[in-house]
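> To be precise about what I am sending: the file is called coords-v9.txt and holds compact mmCIF, C-alpha atoms.
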# COMPACT_ATOMS: atom_id res chain seq x y z
CA MET S 1 -1.23 24.39 -22.31
CA ILE S 2 0.73 21.16 -22.54
CA PRO S 3 2.29 20.03 -19.23
CA VAL S 4 5.86 18.95 -18.79
CA ILE S 5 5.57 15.40 -17.42
CA SER S 6 8.36 13.90 -15.32
CA THR S 7 8.70 10.68 -13.38
CA ILE S 8 10.63 10.43 -10.10
CA PRO S 9 11.47 6.97 -8.67
CA VAL S 10 10.91 6.82 -4.91
CA VAL S 11 11.61 3.22 -3.87
CA GLN S 12 12.99 -0.02 -5.26
CA LEU S 13 11.15 -3.13 -4.05
CA ALA S 14 12.72 -6.47 -3.19
CA SER S 15 11.41 -7.78 -6.53
CA GLY S 16 13.46 -5.18 -8.36
CA ASP S 17 10.39 -3.18 -9.38
CA ARG S 18 10.35 0.56 -8.70
CA LEU S 19 7.50 2.76 -7.50
CA SER S 20 7.50 6.33 -8.74
CA LEU S 21 5.84 9.73 -8.64
CA GLN S 22 4.57 11.37 -11.81
CA ILE S 23 4.63 15.16 -11.93
CA TYR S 24 2.57 17.42 -14.22
CA GLN S 25 4.05 20.90 -14.52
CA PHE S 26 2.05 23.71 -16.13
CA GLN S 27 4.01 26.88 -16.87
CA GLY S 28 2.24 30.13 -17.64
CA ALA S 29 3.39 32.57 -20.32
CA VAL S 30 4.07 35.10 -17.57
CA PRO S 31 6.22 34.28 -14.49
CA GLY S 32 4.57 34.46 -11.09
CA LYS S 33 3.68 32.43 -8.02
CA LYS S 34 4.01 28.65 -7.71
CA ALA S 35 1.13 26.43 -6.60
CA TYR S 36 1.83 22.83 -5.58
CA ILE S 37 -1.12 20.41 -5.43
CA GLN S 38 -0.90 16.76 -4.40
CA SER S 39 -3.40 14.00 -3.64
CA ASN S 40 -3.70 10.54 -2.06
CA LEU S 41 -1.06 10.89 0.67
CA HIS S 42 -3.20 8.47 2.68
CA GLY S 43 -3.81 5.38 0.58
CA ALA S 44 -7.59 5.14 1.01
CA GLU S 45 -8.21 8.84 0.32
CA ILE S 46 -8.54 8.81 -3.44
CA SER S 47 -11.03 11.58 -4.35
CA GLY S 48 -8.27 14.15 -4.85
CA ASN S 49 -6.92 12.08 -7.74
CA ALA S 50 -10.11 12.78 -9.69
CA VAL S 51 -9.80 16.47 -8.84
CA ILE S 52 -6.24 16.58 -10.17
CA HIS S 53 -7.23 14.66 -13.31
CA GLN S 54 -9.96 17.20 -14.02
CA LEU S 55 -7.52 20.06 -13.29
CA ILE S 56 -5.10 18.58 -15.84
CA GLU S 57 -7.88 18.39 -18.44
CA PHE S 58 -8.99 21.94 -17.65
CA LEU S 59 -5.51 23.44 -17.82
CA MET S 60 -4.79 21.62 -21.09
CA SER S 61 -7.84 23.33 -22.57
CA GLN S 62 -6.52 26.79 -21.63
CA ASP S 63 -4.03 29.10 -23.28
CA SER S 64 -0.75 29.65 -21.39
CA ASN S 65 -1.52 33.39 -21.26
CA LEU S 66 -4.29 32.59 -18.75
CA LEU S 67 -1.82 31.16 -16.21
CA ILE S 68 0.41 33.54 -14.27
CA GLY S 69 3.19 31.46 -12.72
CA GLU S 70 3.46 27.71 -12.32
CA ILE S 71 1.22 24.87 -11.16
CA LEU S 72 2.73 21.53 -10.12
CA LEU S 73 0.30 18.59 -9.84
CA VAL S 74 1.17 15.29 -8.14
CA PRO S 75 -1.66 12.71 -8.08
CA VAL S 76 -1.31 9.39 -6.19
CA CYS S 77 1.62 10.97 -4.33
CA ASN S 78 2.09 7.94 -2.04
CA PRO S 79 2.57 4.88 -4.29
CA VAL S 80 3.30 2.61 -1.33
CA GLY S 81 0.27 3.68 0.71
CA VAL S 82 -2.22 3.52 -2.16
CA SER S 83 -1.14 -0.06 -2.92
CA GLN S 84 -1.76 -1.37 0.62
CA ARG S 85 -4.62 -3.86 0.88
CA SER S 86 -6.39 -5.86 3.59
CA HIS S 87 -8.98 -8.16 2.00
CA HIS S 88 -11.35 -5.78 0.13
CA PHE S 89 -10.18 -2.74 2.06
CA SER S 90 -7.55 -0.14 1.23
CA PRO S 91 -6.18 1.11 4.58
CA GLY S 92 -3.04 3.01 3.55
CA ARG S 93 -3.04 5.43 6.48
CA TYR S 94 -0.04 3.92 8.23
CA ASN S 95 3.25 2.57 6.99
CA HIS S 96 2.94 -1.19 7.53
CA TYR S 97 6.68 -1.47 8.09
CA ASP S 98 7.07 0.89 11.06
CA GLY S 99 3.48 1.87 11.96
CA ALA S 100 3.95 5.60 11.29
CA ASP S 101 1.09 7.72 9.95
CA TRP S 102 2.07 8.68 6.40
CA ASN S 103 1.08 12.26 7.18
CA ARG S 104 3.16 12.58 10.33
CA ILE S 105 6.64 12.00 8.91
CA PHE S 106 7.60 15.31 7.30
CA TRP S 107 10.69 17.43 7.78
CA ASP S 108 10.06 20.69 9.62
CA PHE S 109 12.59 23.53 9.37
CA GLU S 110 11.32 25.01 12.62
CA LYS S 111 12.19 21.80 14.49
CA GLU S 112 15.71 21.64 13.10
CA GLY S 113 16.94 24.10 15.73
CA GLU S 114 17.57 26.82 13.17
CA ASP S 115 17.79 30.34 14.58
CA ILE S 116 14.60 31.86 13.12
CA GLU S 117 14.65 34.72 15.62
CA GLY S 118 18.23 35.52 14.65
CA PHE S 119 17.25 35.50 10.98
CA ALA S 120 14.38 37.89 11.74
CA LYS S 121 16.71 40.28 13.61
CA SER S 122 19.19 40.33 10.75
CA HIS S 123 16.43 41.08 8.23
CA ILE S 124 14.26 43.46 10.23
CA ASN S 125 15.01 46.45 7.98
CA LEU S 126 14.62 44.65 4.65
CA ASP S 127 11.56 44.51 2.40
CA ALA S 128 9.19 41.54 2.33
CA ASP S 129 10.36 40.17 -1.04
CA THR S 130 14.01 40.13 0.03
CA ILE S 131 13.17 38.47 3.34
CA LYS S 132 11.06 35.86 1.56
CA PHE S 133 13.82 35.09 -0.94
CA ASN S 134 16.53 34.78 1.71
CA TYR S 135 14.35 32.69 4.04
CA ARG S 136 13.55 30.23 1.26
CA LYS S 137 17.27 29.96 0.59
CA GLN S 138 17.91 29.26 4.28
CA ILE S 139 15.22 26.56 4.37
CA ALA S 140 16.60 24.95 1.20
CA LEU S 141 20.15 24.85 2.59
CA SER S 142 18.96 23.19 5.78
CA PHE S 143 16.79 20.71 3.85
CA ALA S 144 19.68 19.76 1.55
CA LYS S 145 21.53 18.25 4.53
CA GLN S 146 18.99 15.41 4.51
CA LEU S 147 20.31 14.12 1.20
CA ALA S 148 23.79 13.52 2.63
CA LYS S 149 22.24 11.30 5.31
CA ILE S 150 20.23 9.39 2.72
CA ASN S 151 23.30 8.84 0.52
CA ALA S 152 25.50 7.72 3.42
CA PRO S 153 26.40 4.00 3.59
CA SER S 154 24.05 3.62 6.57
CA CYS S 155 21.20 5.17 4.47
CA ARG S 156 17.93 6.22 6.18
CA PRO S 157 14.48 4.63 6.66
CA TYR S 158 12.18 4.67 3.62
CA SER S 159 9.92 7.29 5.21
CA GLU S 160 12.83 9.77 5.17
CA ILE S 161 13.75 8.90 1.59
CA TYR S 162 10.13 9.34 0.54
CA ARG S 163 9.57 12.62 2.36
CA TYR S 164 12.75 14.06 0.83
CA LYS S 165 11.52 13.27 -2.69
CA LEU S 166 8.05 14.71 -2.01
CA GLN S 167 9.00 17.84 -0.06
CA SER S 168 11.72 18.78 -2.53
CA LEU S 169 8.92 19.49 -5.03
CA CYS S 170 7.25 22.18 -2.94
CA LEU S 171 9.87 23.97 -0.81
CA ASP S 172 9.82 26.94 -3.19
CA ALA S 173 6.02 27.01 -3.56
CA ASP S 174 3.83 29.92 -2.52
CA TYR S 175 0.66 27.86 -2.12
CA VAL S 176 0.53 24.20 -1.09
CA LEU S 177 -2.70 22.20 -1.37
CA ASP S 178 -2.82 18.68 0.04
CA LEU S 179 -5.98 16.87 -1.10
CA HIS S 180 -7.32 14.32 1.37
CA SER S 181 -10.63 12.74 2.23
CA SER S 182 -11.67 10.95 5.37
CA THR S 183 -10.35 7.43 5.77
CA ASN S 184 -13.89 6.86 7.07
CA GLN S 185 -16.97 8.85 5.91
CA ALA S 186 -17.06 12.63 6.14
CA VAL S 187 -18.38 15.94 4.88
CA ASP S 188 -16.20 18.28 2.81
CA TYR S 189 -14.10 20.77 4.80
CA VAL S 190 -10.74 22.53 4.92
CA TYR S 191 -7.90 22.92 7.43
CA CYS S 192 -7.01 26.60 7.82
CA PHE S 193 -3.98 28.22 9.50
CA SER S 194 -3.74 31.43 11.51
CA SER S 195 -4.10 34.68 9.58
CA ARG S 196 -5.26 32.83 6.46
CA GLU S 197 -8.97 32.86 7.34
CA GLU S 198 -9.92 35.31 4.58
CA SER S 199 -8.26 33.16 1.92
CA ALA S 200 -10.21 30.12 3.16
CA LYS S 201 -13.40 31.64 1.75
CA ALA S 202 -12.16 31.05 -1.79
CA PHE S 203 -12.62 27.29 -1.48
CA LEU S 204 -16.36 27.91 -1.00
CA LEU S 205 -16.68 25.16 1.61
CA ASP S 206 -19.08 25.59 4.53
CA ARG S 207 -16.90 24.13 7.26
CA GLY S 208 -13.28 24.20 8.31
CA ILE S 209 -10.91 23.48 11.19
CA LEU S 210 -8.74 26.36 12.36
CA MET S 211 -5.26 25.13 13.27
CA ASP S 212 -4.74 26.70 16.69
CA GLU S 213 -2.61 23.74 17.78
CA TYR S 214 -0.41 21.18 16.01
CA ASP S 215 -0.24 17.47 16.69
CA GLY S 216 2.55 16.26 14.44
CA ASP S 217 4.66 16.66 11.33
CA ALA S 218 1.85 16.80 8.78
CA PHE S 219 2.63 17.90 5.23
CA ASP S 220 0.81 21.24 5.41
CA GLU S 221 2.20 22.00 8.88
CA ALA S 222 5.78 21.20 7.92
CA PHE S 223 5.53 23.61 4.98
CA LEU S 224 3.84 26.54 6.71
CA LYS S 225 5.01 26.43 10.34
CA PRO S 226 8.44 27.97 9.57
CA TRP S 227 6.68 30.90 7.90
CA LEU S 228 4.30 31.33 10.83
CA ALA S 229 7.31 31.35 13.17
CA LEU S 230 9.09 33.98 11.07
CA GLU S 231 5.98 36.17 10.97
CA LYS S 232 5.71 35.93 14.75
CA SER S 233 9.37 36.87 15.28
CA LEU S 234 9.19 39.83 12.91
CA THR S 235 6.01 41.11 14.55
CA GLN S 236 7.59 40.88 18.01
CA LEU S 237 10.54 42.90 16.70
CA GLY S 238 8.19 45.65 15.53
CA SER S 239 8.09 44.85 11.82
CA ALA S 240 5.02 45.99 9.88
CA ILE S 241 5.32 43.26 7.23
CA GLY S 242 2.65 41.13 8.89
CA VAL S 243 1.74 38.05 6.85
CA PHE S 244 3.67 36.69 3.87
CA ASP S 245 1.68 35.53 0.86
CA VAL S 246 2.56 31.91 1.62
CA GLU S 247 -0.24 29.46 2.42
CA ALA S 248 -0.86 25.75 2.98
CA TRP S 249 -4.19 23.94 2.95
CA THR S 250 -5.53 20.47 3.49
CA LEU S 251 -8.82 19.91 1.69
CA GLU S 252 -10.90 17.02 3.03
CA LEU S 253 -13.10 15.89 0.16
CA GLY S 254 -15.64 13.30 1.22
CA SER S 255 -15.13 9.69 2.26
CA GLY S 256 -12.37 7.12 1.92
CA MET S 257 -12.12 4.43 -0.77
CA GLN S 258 -14.50 6.29 -3.07
CA MET S 259 -14.58 9.26 -5.41
CA ASN S 260 -17.85 10.99 -4.62
CA PRO S 261 -18.78 13.13 -7.66
CA GLU S 262 -20.15 15.94 -5.48
CA SER S 263 -16.98 16.14 -3.38
CA VAL S 264 -14.82 16.04 -6.51
CA ALA S 265 -16.87 18.86 -8.08
CA LYS S 266 -16.56 20.98 -4.93
CA GLY S 267 -12.82 20.39 -4.80
CA LEU S 268 -12.32 21.33 -8.45
CA ARG S 269 -14.47 24.47 -8.20
CA GLY S 270 -12.79 25.53 -4.96
CA ILE S 271 -9.25 25.12 -6.30
CA LYS S 272 -9.98 26.99 -9.52
CA ASN S 273 -11.61 29.76 -7.50
CA TYR S 274 -8.69 29.88 -5.03
CA LEU S 275 -6.06 30.10 -7.79
CA ALA S 276 -8.11 32.80 -9.53
CA SER S 277 -8.41 34.70 -6.24
CA LYS S 278 -4.62 34.58 -5.94
CA GLY S 279 -4.25 36.03 -9.42
CA MET S 280 -2.74 32.88 -10.91
CA LEU S 281 -5.62 31.91 -13.18
CA LYS S 282 -7.23 34.49 -15.47
CA ILE S 283 -10.41 32.64 -16.44
CA PRO S 284 -13.86 34.04 -17.22
CA GLY S 285 -16.24 34.18 -14.27
CA PHE S 286 -13.56 33.59 -11.64
CA PRO S 287 -13.15 34.44 -8.85
CA LEU S 288 -16.83 33.62 -8.44
CA PRO S 289 -18.87 36.66 -7.30
CA GLU S 290 -20.06 34.92 -4.13
CA THR S 291 -16.50 34.50 -2.83
CA ALA S 292 -16.23 37.76 -0.86
CA ALA S 293 -19.51 37.19 0.97
CA HIS S 294 -19.04 33.47 1.52
CA GLU S 295 -19.34 32.42 5.15
CA ILE S 296 -17.23 29.54 6.35
CA ASN S 297 -17.69 28.15 9.84
CA LEU S 298 -14.15 27.67 11.22
CA THR S 299 -13.92 25.57 14.37
CA PRO S 300 -10.69 25.77 16.42
CA LYS S 301 -8.90 22.43 16.40
CA LYS S 302 -9.06 22.26 20.19
CA SER S 303 -12.87 22.27 19.87
CA VAL S 304 -12.88 19.17 17.67
CA LYS S 305 -13.69 16.00 19.59
CA LYS S 306 -13.61 12.29 18.79
CA TYR S 307 -16.04 9.85 20.34
CA TYR S 308 -14.89 6.32 21.15
CA ALA S 309 -17.05 3.33 22.00
CA PRO S 310 -17.67 2.96 25.78
CA ALA S 311 -18.55 -0.71 25.21
CA GLY S 312 -18.02 -3.36 22.58
CA GLY S 313 -20.86 -4.17 20.20
CA MET S 314 -22.69 -2.95 17.12
CA ILE S 315 -23.44 0.71 16.39
CA GLN S 316 -27.09 1.44 15.66
CA ASN S 317 -29.33 4.50 15.31
CA ARG S 318 -26.36 6.75 14.71
CA VAL S 319 -27.25 10.28 13.62
CA GLN S 320 -26.66 11.17 9.99
CA LEU S 321 -23.36 12.61 8.84
CA GLY S 322 -23.66 16.41 8.84
CA SER S 323 -26.18 16.49 11.70
CA ILE S 324 -26.29 19.20 14.34
CA VAL S 325 -26.93 17.59 17.73
CA LYS S 326 -27.80 19.47 20.92
CA LYS S 327 -26.14 18.74 24.25
CA GLY S 328 -27.67 15.68 25.92
CA HIS S 329 -29.32 14.41 22.74
CA GLY S 330 -28.42 11.01 21.36
CA LEU S 331 -25.55 10.51 18.94
CA TYR S 332 -25.73 6.73 18.60
CA GLN S 333 -26.43 3.47 20.40
CA ILE S 334 -24.29 0.39 20.91
CA LEU S 335 -26.03 -2.97 20.86
CA SER S 336 -23.81 -4.80 23.32
CA PHE S 337 -23.76 -8.58 23.77
CA HIS S 338 -22.63 -10.28 26.99
CA LYS S 339 -21.08 -13.61 27.92
CA ASN S 340 -22.09 -13.76 31.60
CA TRP S 341 -25.66 -15.10 31.33
CA GLU S 342 -27.09 -11.62 30.71
CA LEU S 343 -29.39 -10.47 27.95
CA PRO S 344 -28.03 -8.06 25.31
CA SER S 345 -28.18 -4.40 26.29
CA VAL S 346 -28.33 -1.09 24.47
CA VAL S 347 -25.84 1.61 25.47
CA GLU S 348 -26.98 5.18 24.73
CA VAL S 349 -24.32 7.77 23.86
CA ALA S 350 -25.30 11.45 24.02
CA ALA S 351 -23.54 14.62 22.90
CA GLU S 352 -21.46 16.31 25.61
CA SER S 353 -22.17 19.75 24.05
CA ASP S 354 -23.85 21.24 20.98
CA VAL S 355 -22.01 19.64 18.05
CA PHE S 356 -21.81 19.20 14.29
CA VAL S 357 -21.06 15.61 13.20
CA PHE S 358 -18.48 15.77 10.38
CA ASP S 359 -16.84 12.33 10.34
CA VAL S 360 -18.15 8.82 11.14
CA SER S 361 -16.60 5.36 11.15
CA THR S 362 -17.21 3.05 8.21
CA ASN S 363 -17.29 -0.06 10.38
CA GLN S 364 -20.31 -0.26 12.68
CA SER S 365 -18.86 -3.15 14.67
CA VAL S 366 -16.62 -1.83 17.46
CA ASN S 367 -14.53 -3.07 20.32
CA GLN S 368 -14.53 -0.94 23.44
CA GLY S 369 -12.38 2.15 22.92
CA GLU S 370 -12.57 2.12 19.12
CA TYR S 371 -13.42 5.15 17.02
CA VAL S 372 -17.08 5.97 16.26
CA LEU S 373 -17.34 9.59 15.10
CA SER S 374 -15.90 13.12 15.23
CA VAL S 375 -17.65 16.40 15.98
CA MET S 376 -16.99 20.12 15.75
CA ALA S 377 -18.34 22.46 18.38
CA ASP S 378 -21.44 24.03 16.87
Before anything else, please render the file you have as structure tokens.

Amino acid sequence: MIPVISTIPVVQLASGDRLSLQIYQFQGAVPGKKAYIQSNLHGAEISGNAVIHQLIEFLMSQDSNLLIGEILLVPVCNPVGVSQRSHHFSPGRYNHYDGADWNRIFWDFEKEGEDIEGFAKSHINLDADTIKFNYRKQIALSFAKQLAKINAPSCRPYSEIYRYKLQSLCLDADYVLDLHSSTNQAVDYVYCFSSREESAKAFLLDRGILMDEYDGDAFDEAFLKPWLALEKSLTQLGSAIGVFDVEAWTLELGSGMQMNPESVAKGLRGIKNYLASKGMLKIPGFPLPETAAHEINLTPKKSVKKYYAPAGGMIQNRVQLGSIVKKGHGLYQILSFHKNWELPSVVEVAAESDVFVFDVSTNQSVNQGEYVLSVMAD
């Protein structure tokens, strides 16, 4: 297969230069579902770019008869964020202009005040395909209103221009995959939404976070929340449709500012296996036979906890990433220095419950109240 390659300008800089997105579209010989895959929304989280590159190479080696539907690939999907620098470091998590998290800016149909319940009532006696088609049309019509605001003489902030360009690529998708890694150092895991737990197995990752609560307008949330709301309304009205075959995932593949080969390999294998499980890729050996029996440990988001430094100093004797730590056992120490004629002291920090350590800070020098590590309830 040879992809259709297109370039979409997203912002003109004061210098006159333009930053753009490049899109790789693979079209199967047979029509079907649409999968949208992007990477590097946060500037320091680059491992997904290698995954997409290897996906491009893989798909180019395949015959179009082996793809049912369409795959849209968007590497380095945040050209502003990936270009941010501070000395040797690539932060890129926040927009330097307004301080907003790049993954908390996205347009959410559910928050637009649209009458989802009314839509459900008017479609209660229709089949799932018709409801899905009409709902997509409703979302697209609402989304299109953003362009009029952008084109007005008053224009809109760059974050709204950028999100319009990016989200317009995936509104009609069936499956959205947003490839991240930790901005710090982390294991590989996936974010999973309600009623999609069985599908999560296909990524063949050992750990995941179950989205039982939402904390902002993240890319995956903005795409899937309207569908979750429609499913809820239809169920309350007595519909037997249940869950639409529409899914969104965030894959967290290793640590920031690096492309760990093991994380990249896991991401590539998981995505190929997921697309094969969904019937989009007809490739020998996939879905892998271990998929059905794969066990993934999904921790509710409310059971994920961050630890912050109780004192300023230097982190030492921190447990290894991926450790299971029992309640009351040590997680790390802070070597704390004082300026009031006292000797240095060591502050011990213990686990508040049985936990699995899945993310740790890169910097081991902390001010009081700064981030040290994250844990899942074990």
> Rank S:Thr130, S:Asp63, S:Arg196, S:Lys165 by their smallest atom-to-atom distance to Thr7 in chain S, using only C-alpha atoms, and report the top residue only.
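Under the stated criterion, the closest residue is S:Lys165.
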> Quick one: distance from CA of Ser83 in chain S to CA of Asn40 in chain S in Å, one decimal?
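Between CA of Ser83 in chain S and CA of Asn40 in chain S the gap is 10.9 Å.
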> If you count only C-alpha atoms, which residues fall within 7 Å of Gly28 in chain S, apart from same-chain ones fewer than 5 positions away, as a list in words?
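Once the nearby chain positions are removed, what remains is Ser64, Asn65, Leu67, Ile68, Gly69 and Glu70 of chain S.
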> Within 8 Å of Ser353 in chain S, counting only C-alpha atoms, which residues show up once you throw out same-chain ones fewer than 5 positions away? Write them as an NGL selection string, please.
:S and (326-328 or 377)
> If you count only C-alpha atoms, which residues fall within 8 Å of range 119-128 of chain S, apart from same-chain ones fewer than 3 positions away, as a list in words?
Asp115, Ile116, Ile131, Lys132, Leu230, Ser233, Leu234, Leu237, Ser239, Ile241 and Phe244 of chain S
